[in-house]
Amino acid sequence: MNVSMRRVYAIFVKDFKELSKNMYVLTTLLTPLLLAFVFGQAETVSLKIQLMIINITFVSVTAFVQSAIIAEEKEKNTLRGLMMSPASTADILGGKSLLSVILTVGTMILCLLITDFHLINEPMLLLALLISLVFYAGLGTLLGLWTKSLLEASVAIVPVIFILGMGTLFQKLIQPYPLLKFMEYFPNFQLEFLTEAVEREASFGEVLGYFGVITGWTVLVLIVTVTVYRKRSMDE
Amino acid sequence: MSVLKMIDVEKHCQDRVIFPSFQLEVAGGNVIALLSSTDVRQALLNMVAGKELIYNGEIWIKNKKITRNRSHFSELGVLFLNEGVYERLCVKDHLLFYKRLYDSKLTMESVYQLTQLSEKKYAQVKELSYSEVRRLQTAKLLFGDPSLFILEEPDQNVDLETKGILLNIISFLQKKGKGIVVLTGNMESAITLTDKIYRLDEKGLQEMDMKDDRSGKEETDLLVERNEVPIPMPFQKIPTKVNEKIILFDPSEVDYIESYSGQSHVHIGEEAFPCVFTLNKLEAKLTSFGFFRCHRSYIVNLQKVREVITWTRNSYSLKLENKVGSEIPLSKNKMAELKDLLELK
């Protein structure tokens, strides 16, 4: 699969211009900023809250923007045209991901500045954040492919926001139920454990364990996404 | 050099034949129309768009066979009827996107000129009229610059100006040696846009006789000049007139002929064409082909009659076996005649 930077750029510019006029999607970008601002008023922001804001940024910016622009492409019947053009799968997904990734990085930096996140210089954590970014971009693509319109995509993102965005808040809630224990292996929990481990300067092996789980999730999502994309490519 | 070759392509849907196996070759610089129903059109488009695998026969686009790997997309441009556009972009950004996407050398200026969109350069796409959106979609094909253009109902519901622009674009592409296939269900648009018309339906592919009105006149002029007595040939076709052109139909194609507002109309499938002859004249010509004057203003092709419906003792209808199942009045005194014809007594 060959990637043409010109086409990726063309798709990126097109999506950027379209998104800049789409108030509906743009307002979701404000959610994590608003949360960061509200919680940032406190003297010290706990690590848990900071992590929640990071996770919410991933879900509501990376995953939602990604799913919204793909679902809209299907809703407006333009995806077929793109697929029949010389742009390859990698070009199309690349151009779209570029947009959501840039938006995420921007929002994330602002949020972290507001909540005064001090661990950002840890290389392991930084790397974990990057891998998570890929995971959520893949997840967004998947949601975009599964849904048929912008509206559907914004409904589908709601459970994801609850589970992956705010799930860590419910940790106490799920503890009495061993059945729900598996939730702790979700990438958002893993990211939190990893951050805590980094903070208390735990052994490298422990950090690596959490890191491995996040990477596993990412690889899984990417595989599923590519398969679904191939299968669905001409349906709509 | 042919840009489209269809070899033994056929399509069945469960037990129904959408279209039987046929051959078609379109050379570069040719503009043809495939007159067909929505089913047929959809089946063909699904095949070329790679949405549906081709089990019977082969389709070649230029030198690329349509397979799963979709390598033929580089030689193919399709204008779908329900093609999408990015509504929030302005026309200029939209065209720029196409240009970049296809890495085209075509200048923006020439595309503005061909599609006549320069006045709307900064208008948002969602504010454009349907006709203008159609032109914008056509621009995509121009940037793509493939060898074969397939246009699905290109002039459906568009205004007169856009139709003219479309004709210009088609002749521009024709000069560049591109092949163009217009898929339409509308005879009139097929005639205005293309030189050669094929009808594709469950009975197969059939070329339609067409004769340009003007050249026809010249021929008769020539005959008069040479002062020859034309040998009377048994004339077997029904001439109808659409705009400037005369189309000749085989009597067997015709479902029925109807006369209203002082003009006879030849009905074929779902369409009607004004005919130059009066009903009486047509009756005289067509009786030998199994046509029957069933009403003061109707002549029906008896071969196509499926059912004689008796409404009351004195009112009858003929039901035809065409797709729409047309019903034609049968007058009461003609009923006796029909019974004679059918040797029912």
# chains A, B, ... in the order shown; residues from 1 in each chain; ligands from 1

$ residues_around --residues "Leu150 of chain A" --least-positions-apart "2" --cutoff "10 Å" --atoms "only C-alpha atoms" --output "list in words"
Tyr24, Val25, Phe64, Ser67, Ala68, Ile69, Ile70, Ala71, Glu72, Glu73, Lys74, Glu75, Lys76, Gly144, Thr147, Lys148, Glu152, Ala153, Ser154, Val155 and Ala156 of chain A

$ closest_atom_pairs --of "chain A" --to "chain B" --cutoff "9 Å" --atoms "only C-alpha atoms" --output "Markdown table"
| residue | atom | partner | partner_atom | distance |
| --- | --- | --- | --- | --- |
| A:Arg6 | CA | B:Arg100 | CA | 6.9 |
| A:Arg7 | CA | B:Leu101 | CA | 5.2 |
| A:Val8 | CA | B:Leu101 | CA | 8.4 |
| A:Tyr9 | CA | B:Arg100 | CA | 8.5 |
| A:Ala10 | CA | B:Arg100 | CA | 5.7 |
| A:Ile11 | CA | B:Phe97 | CA | 7.2 |
| A:Val13 | CA | B:Phe97 | CA | 8.0 |
| A:Lys14 | CA | B:Phe97 | CA | 6.3 |
| A:Lys17 | CA | B:Leu89 | CA | 6.7 |
| A:Glu18 | CA | B:Arg88 | CA | 5.4 |
| A:Leu19 | CA | B:Arg88 | CA | 8.3 |
| A:Lys21 | CA | B:Arg88 | CA | 6.6 |
| A:Asn22 | CA | B:Arg88 | CA | 7.8 |
| A:Glu73 | CA | B:Tyr86 | CA | 8.2 |
| A:Lys74 | CA | B:Gly84 | CA | 8.9 |
| A:Glu75 | CA | B:Gly84 | CA | 8.8 |
| A:Lys76 | CA | B:Gly84 | CA | 5.3 |
| A:Asn77 | CA | B:Gly84 | CA | 4.5 |
| A:Thr78 | CA | B:Gly84 | CA | 4.5 |
| A:Leu79 | CA | B:Gly84 | CA | 8.1 |
| A:Arg80 | CA | B:Glu83 | CA | 8.4 |
| A:Gly81 | CA | B:Glu83 | CA | 7.4 |
| A:Leu82 | CA | B:Leu101 | CA | 8.7 |
| A:Met84 | CA | B:Phe73 | CA | 5.9 |
| A:Ser85 | CA | B:Phe73 | CA | 7.0 |
| A:Pro86 | CA | B:Tyr102 | CA | 6.5 |
| A:Ala87 | CA | B:Leu101 | CA | 6.9 |
| A:Ser233 | CA | B:Lys51 | CA | 8.8 |
| A:Met234 | CA | B:Lys51 | CA | 5.6 |
| A:Asp235 | CA | B:Lys51 | CA | 7.0 |

$ write_last_selection --atoms "N, CA, C and O atoms" --output "short mmCIF file (atom, residue, chain, number, x, y, z; two decimals), in the first residue's frame"
data_model
loop_
_atom_site.label_atom_id
_atom_site.label_comp_id
_atom_site.auth_asym_id
_atom_site.auth_seq_id
_atom_site.Cartn_x
_atom_site.Cartn_y
_atom_site.Cartn_z
N ARG A 6 0.72 13.92 -0.85
CA ARG A 6 -0.12 14.97 -1.45
C ARG A 6 -1.58 14.66 -1.22
O ARG A 6 -2.38 15.54 -0.93
N ARG A 7 -1.92 13.38 -1.38
CA ARG A 7 -3.33 13.02 -1.21
C ARG A 7 -3.74 13.08 0.26
O ARG A 7 -4.82 13.53 0.58
N VAL A 8 -2.83 12.61 1.12
CA VAL A 8 -3.11 12.70 2.56
C VAL A 8 -3.35 14.17 2.91
O VAL A 8 -4.31 14.52 3.59
N TYR A 9 -2.50 15.02 2.38
CA TYR A 9 -2.62 16.45 2.65
C TYR A 9 -3.94 17.00 2.10
O TYR A 9 -4.65 17.75 2.77
N ALA A 10 -4.28 16.57 0.87
CA ALA A 10 -5.53 17.04 0.26
C ALA A 10 -6.72 16.67 1.13
O ALA A 10 -7.60 17.49 1.39
N ILE A 11 -6.74 15.42 1.60
CA ILE A 11 -7.86 14.97 2.43
C ILE A 11 -7.86 15.69 3.77
O ILE A 11 -8.89 16.10 4.27
N VAL A 13 -6.68 18.75 4.42
CA VAL A 13 -7.12 20.14 4.25
C VAL A 13 -8.64 20.19 4.06
O VAL A 13 -9.34 21.01 4.65
N LYS A 14 -9.15 19.24 3.26
CA LYS A 14 -10.58 19.21 3.01
C LYS A 14 -11.34 18.99 4.32
O LYS A 14 -12.30 19.70 4.62
N LYS A 17 -11.18 22.03 6.66
CA LYS A 17 -12.08 23.13 6.27
C LYS A 17 -13.53 22.78 6.57
O LYS A 17 -14.31 23.64 6.98
N GLU A 18 -13.86 21.52 6.33
CA GLU A 18 -15.24 21.12 6.61
C GLU A 18 -15.53 21.17 8.10
O GLU A 18 -16.57 21.65 8.52
N LEU A 19 -14.59 20.66 8.88
CA LEU A 19 -14.80 20.60 10.32
C LEU A 19 -14.87 22.00 10.92
O LEU A 19 -15.64 22.26 11.84
N LYS A 21 -16.29 24.38 9.90
CA LYS A 21 -17.63 24.97 9.78
C LYS A 21 -18.68 24.09 10.44
O LYS A 21 -19.87 24.35 10.31
N ASN A 22 -18.23 23.03 11.09
CA ASN A 22 -19.18 22.12 11.71
C ASN A 22 -19.23 22.37 13.22
O ASN A 22 -18.48 21.79 13.99
N GLU A 73 -18.88 11.19 6.00
CA GLU A 73 -18.49 10.85 4.63
C GLU A 73 -19.44 9.79 4.06
O GLU A 73 -19.81 9.82 2.89
N LYS A 74 -19.86 8.88 4.93
CA LYS A 74 -20.81 7.86 4.48
C LYS A 74 -22.20 8.43 4.34
O LYS A 74 -22.91 8.15 3.38
N GLU A 75 -22.57 9.25 5.29
CA GLU A 75 -23.91 9.84 5.28
C GLU A 75 -24.13 10.65 4.00
O GLU A 75 -25.19 10.58 3.39
N LYS A 76 -23.13 11.37 3.59
CA LYS A 76 -23.28 12.24 2.43
C LYS A 76 -22.91 11.53 1.13
O LYS A 76 -22.80 12.16 0.08
N ASN A 77 -22.65 10.21 1.22
CA ASN A 77 -22.39 9.44 0.00
C ASN A 77 -21.11 9.85 -0.71
O ASN A 77 -21.03 9.79 -1.94
N THR A 78 -20.12 10.32 0.04
CA THR A 78 -18.90 10.76 -0.61
C THR A 78 -17.77 9.75 -0.46
O THR A 78 -16.78 9.83 -1.17
N LEU A 79 -17.98 8.77 0.43
CA LEU A 79 -16.91 7.81 0.67
C LEU A 79 -16.63 6.97 -0.58
O LEU A 79 -15.49 6.69 -0.91
N ARG A 80 -17.71 6.61 -1.28
CA ARG A 80 -17.54 5.81 -2.50
C ARG A 80 -16.67 6.54 -3.52
O ARG A 80 -15.79 5.96 -4.13
N GLY A 81 -16.94 7.85 -3.66
CA GLY A 81 -16.16 8.65 -4.59
C GLY A 81 -14.69 8.64 -4.21
O GLY A 81 -13.81 8.51 -5.05
N LEU A 82 -14.44 8.75 -2.89
CA LEU A 82 -13.05 8.75 -2.41
C LEU A 82 -12.39 7.40 -2.71
O LEU A 82 -11.24 7.34 -3.12
N MET A 84 -13.10 5.32 -5.04
CA MET A 84 -12.88 5.08 -6.46
C MET A 84 -11.81 6.01 -7.02
O MET A 84 -11.42 5.91 -8.17
N SER A 85 -11.34 6.94 -6.18
CA SER A 85 -10.28 7.83 -6.62
C SER A 85 -8.94 7.12 -6.41
O SER A 85 -8.89 6.06 -5.80
N PRO A 86 -7.85 7.71 -6.93
CA PRO A 86 -6.56 7.02 -6.75
C PRO A 86 -6.09 6.96 -5.30
O PRO A 86 -5.11 6.29 -5.01
N ALA A 87 -6.79 7.63 -4.39
CA ALA A 87 -6.36 7.60 -2.99
C ALA A 87 -6.51 6.19 -2.43
O ALA A 87 -7.55 5.57 -2.57
N SER A 233 -15.87 -1.54 2.49
CA SER A 233 -15.42 -0.44 1.64
C SER A 233 -16.43 -0.05 0.57
O SER A 233 -16.55 1.09 0.21
N MET A 234 -17.18 -1.01 0.03
CA MET A 234 -18.06 -0.63 -1.07
C MET A 234 -19.55 -0.73 -0.73
O MET A 234 -20.39 -0.53 -1.58
N ASP A 235 -19.82 -1.02 0.54
CA ASP A 235 -21.23 -1.24 0.86
C ASP A 235 -22.10 -0.01 0.69
O ASP A 235 -23.20 -0.09 0.21
#

$ select_by_dssp --residues "segment 79-300 of chain B" --states "strand (DSSP E)" --output "number ranges by chain"
B: 79, 148-152, 179-184, 196-201, 204-207, 209-212, 238-242, 245-249, 256-260, 263-268, 271-275, 291-295, 298-300

$ residues_around --residues "Lys304 of chain B" --least-positions-apart "6" --cutoff "8 Å" --atoms "only C-alpha atoms" --output "short mmCIF file (atom, residue, chain, number, x, y, z; two decimals) with C-alpha atoms, in the first residue's frame"
data_model
loop_
_atom_site.label_atom_id
_atom_site.label_comp_id
_atom_site.auth_asym_id
_atom_site.auth_seq_id
_atom_site.Cartn_x
_atom_site.Cartn_y
_atom_site.Cartn_z
CA ASP B 255 -46.90 -1.92 -27.22
CA LEU B 320 -50.74 -5.75 -21.93
CA GLU B 321 -47.85 -7.86 -20.74
CA ASN B 322 -45.38 -5.00 -20.55
#

$ residues_around --residues "Val158 of chain B" --least-positions-apart "6" --cutoff "8 Å" --atoms "only C-alpha atoms" --output "list in words"
Tyr130, Ser131 and Arg134 of chain B

$ residues_around --residues "Phe172 of chain B" --least-positions-apart "2" --cutoff "12 Å" --atoms "only C-alpha atoms" --output "PyMOL selection string"
chain B and resi 29-31+110-111+113-115+142+145+165-170+174-180

$ select_by_dssp --residues "segment 2-237 of chain B" --states "helix (DSSP H, G or I)" --output "compact mmCIF listing (two decimals) with C-alpha atoms, in the first residue's frame"
# COMPACT_ATOMS: atom_id res chain seq x y z
CA THR B 38 -33.20 1.23 -12.96
CA ASP B 39 -32.55 -2.46 -12.18
CA VAL B 40 -30.30 -2.90 -15.15
CA ARG B 41 -28.51 0.36 -14.50
CA GLN B 42 -27.92 -0.51 -10.87
CA ALA B 43 -26.59 -3.94 -11.78
CA LEU B 44 -24.16 -2.49 -14.32
CA LEU B 45 -22.96 0.22 -11.96
CA ASN B 46 -22.46 -2.26 -9.15
CA MET B 47 -20.32 -4.32 -11.48
CA VAL B 48 -18.06 -1.50 -12.59
CA SER B 71 -6.99 -1.54 -10.62
CA HIS B 72 -9.48 -0.45 -13.26
CA PHE B 73 -10.51 2.57 -11.22
CA SER B 74 -7.69 4.58 -12.72
CA GLU B 75 -9.26 4.28 -16.18
CA VAL B 91 -16.86 25.58 -4.61
CA LYS B 92 -13.26 26.62 -4.97
CA ASP B 93 -12.04 24.50 -2.04
CA HIS B 94 -14.09 21.63 -3.33
CA LEU B 95 -12.52 21.78 -6.77
CA LEU B 96 -9.07 22.24 -5.26
CA PHE B 97 -9.64 19.09 -3.25
CA TYR B 98 -10.47 17.11 -6.40
CA LYS B 99 -7.47 18.57 -8.17
CA ARG B 100 -5.12 17.57 -5.37
CA LEU B 101 -6.75 14.21 -4.89
CA TYR B 102 -6.29 13.26 -8.53
CA MET B 108 -8.67 25.42 -12.24
CA GLU B 109 -9.47 28.03 -14.84
CA SER B 110 -10.26 25.50 -17.54
CA VAL B 111 -12.52 23.58 -15.17
CA TYR B 112 -14.35 26.75 -14.15
CA GLN B 113 -14.85 27.45 -17.80
CA LEU B 114 -16.07 23.98 -18.70
CA THR B 115 -18.49 23.76 -15.80
CA SER B 118 -16.64 30.62 -11.81
CA GLU B 119 -19.44 32.89 -10.63
CA LYS B 120 -20.04 30.58 -7.70
CA VAL B 125 -21.76 23.94 -1.86
CA LYS B 126 -24.95 23.55 0.15
CA GLU B 127 -26.22 26.82 -1.30
CA TYR B 130 -29.14 20.81 -7.89
CA SER B 131 -27.98 21.61 -11.40
CA GLU B 132 -24.88 23.36 -10.12
CA VAL B 133 -24.08 20.47 -7.81
CA ARG B 134 -24.31 18.18 -10.81
CA ARG B 135 -21.78 20.35 -12.60
CA LEU B 136 -19.51 20.26 -9.57
CA GLN B 137 -19.64 16.47 -9.59
CA THR B 138 -18.81 16.43 -13.27
CA ALA B 139 -15.73 18.49 -12.47
CA LYS B 140 -14.44 15.59 -10.42
CA LEU B 141 -14.44 13.41 -13.52
CA LEU B 142 -12.61 16.09 -15.47
CA PHE B 143 -9.83 16.15 -12.87
CA GLY B 144 -9.76 12.38 -12.77
CA LEU B 160 -31.50 23.96 -19.61
CA GLU B 161 -28.21 25.77 -19.07
CA THR B 162 -26.67 22.76 -17.35
CA LYS B 163 -27.84 20.49 -20.13
CA GLY B 164 -26.02 22.72 -22.61
CA ILE B 165 -22.89 22.71 -20.44
CA LEU B 166 -23.07 18.94 -20.19
CA LEU B 167 -23.27 18.64 -23.97
CA ASN B 168 -20.21 20.87 -24.24
CA ILE B 169 -18.29 18.76 -21.77
CA ILE B 170 -19.24 15.59 -23.62
CA SER B 171 -18.03 16.94 -26.93
CA PHE B 172 -14.85 18.23 -25.22
CA LEU B 173 -14.18 14.74 -23.87
CA GLN B 174 -15.06 13.17 -27.19
CA LYS B 175 -12.44 15.30 -28.91
CA MET B 187 -35.12 8.20 -24.47
CA GLU B 188 -35.03 11.90 -25.02
CA SER B 189 -31.89 12.44 -22.98
CA ALA B 190 -30.27 9.48 -24.73
CA ILE B 191 -30.99 11.04 -28.08
CA THR B 192 -29.81 14.52 -27.20
CA LEU B 193 -26.60 13.45 -25.49
CA ASP B 213 -33.56 14.58 -39.39
CA ARG B 214 -31.29 16.88 -41.33
CA SER B 215 -29.31 14.19 -43.10
CA GLY B 216 -32.61 12.52 -43.93
CA LYS B 217 -33.73 15.63 -45.72
CA GLU B 218 -30.52 15.80 -47.69
CA GLU B 219 -31.00 12.26 -48.85
CA THR B 220 -34.44 12.96 -50.19
CA ASP B 221 -33.13 16.10 -51.87
CA LEU B 222 -30.51 14.03 -53.59
CA LEU B 223 -33.10 11.61 -54.83
CA VAL B 224 -35.15 14.41 -56.30
CA GLU B 225 -32.10 15.86 -58.00
CA ARG B 226 -31.15 12.65 -59.66

$ residues_around --residues "Gln263 of chain B" --least-positions-apart "3" --cutoff "7 Å" --atoms "only C-alpha atoms" --output "ChimeraX atom specification"
/B:259-260,274

$ residues_around --residues "Phe37 of chain A" --least-positions-apart "4" --cutoff "12 Å" --atoms "only C-alpha atoms" --output "JSON, numbers by chain"
{"A": [30, 31, 32, 33, 41, 42, 45, 49, 50, 53, 110, 111, 112, 113, 114, 115, 116]}
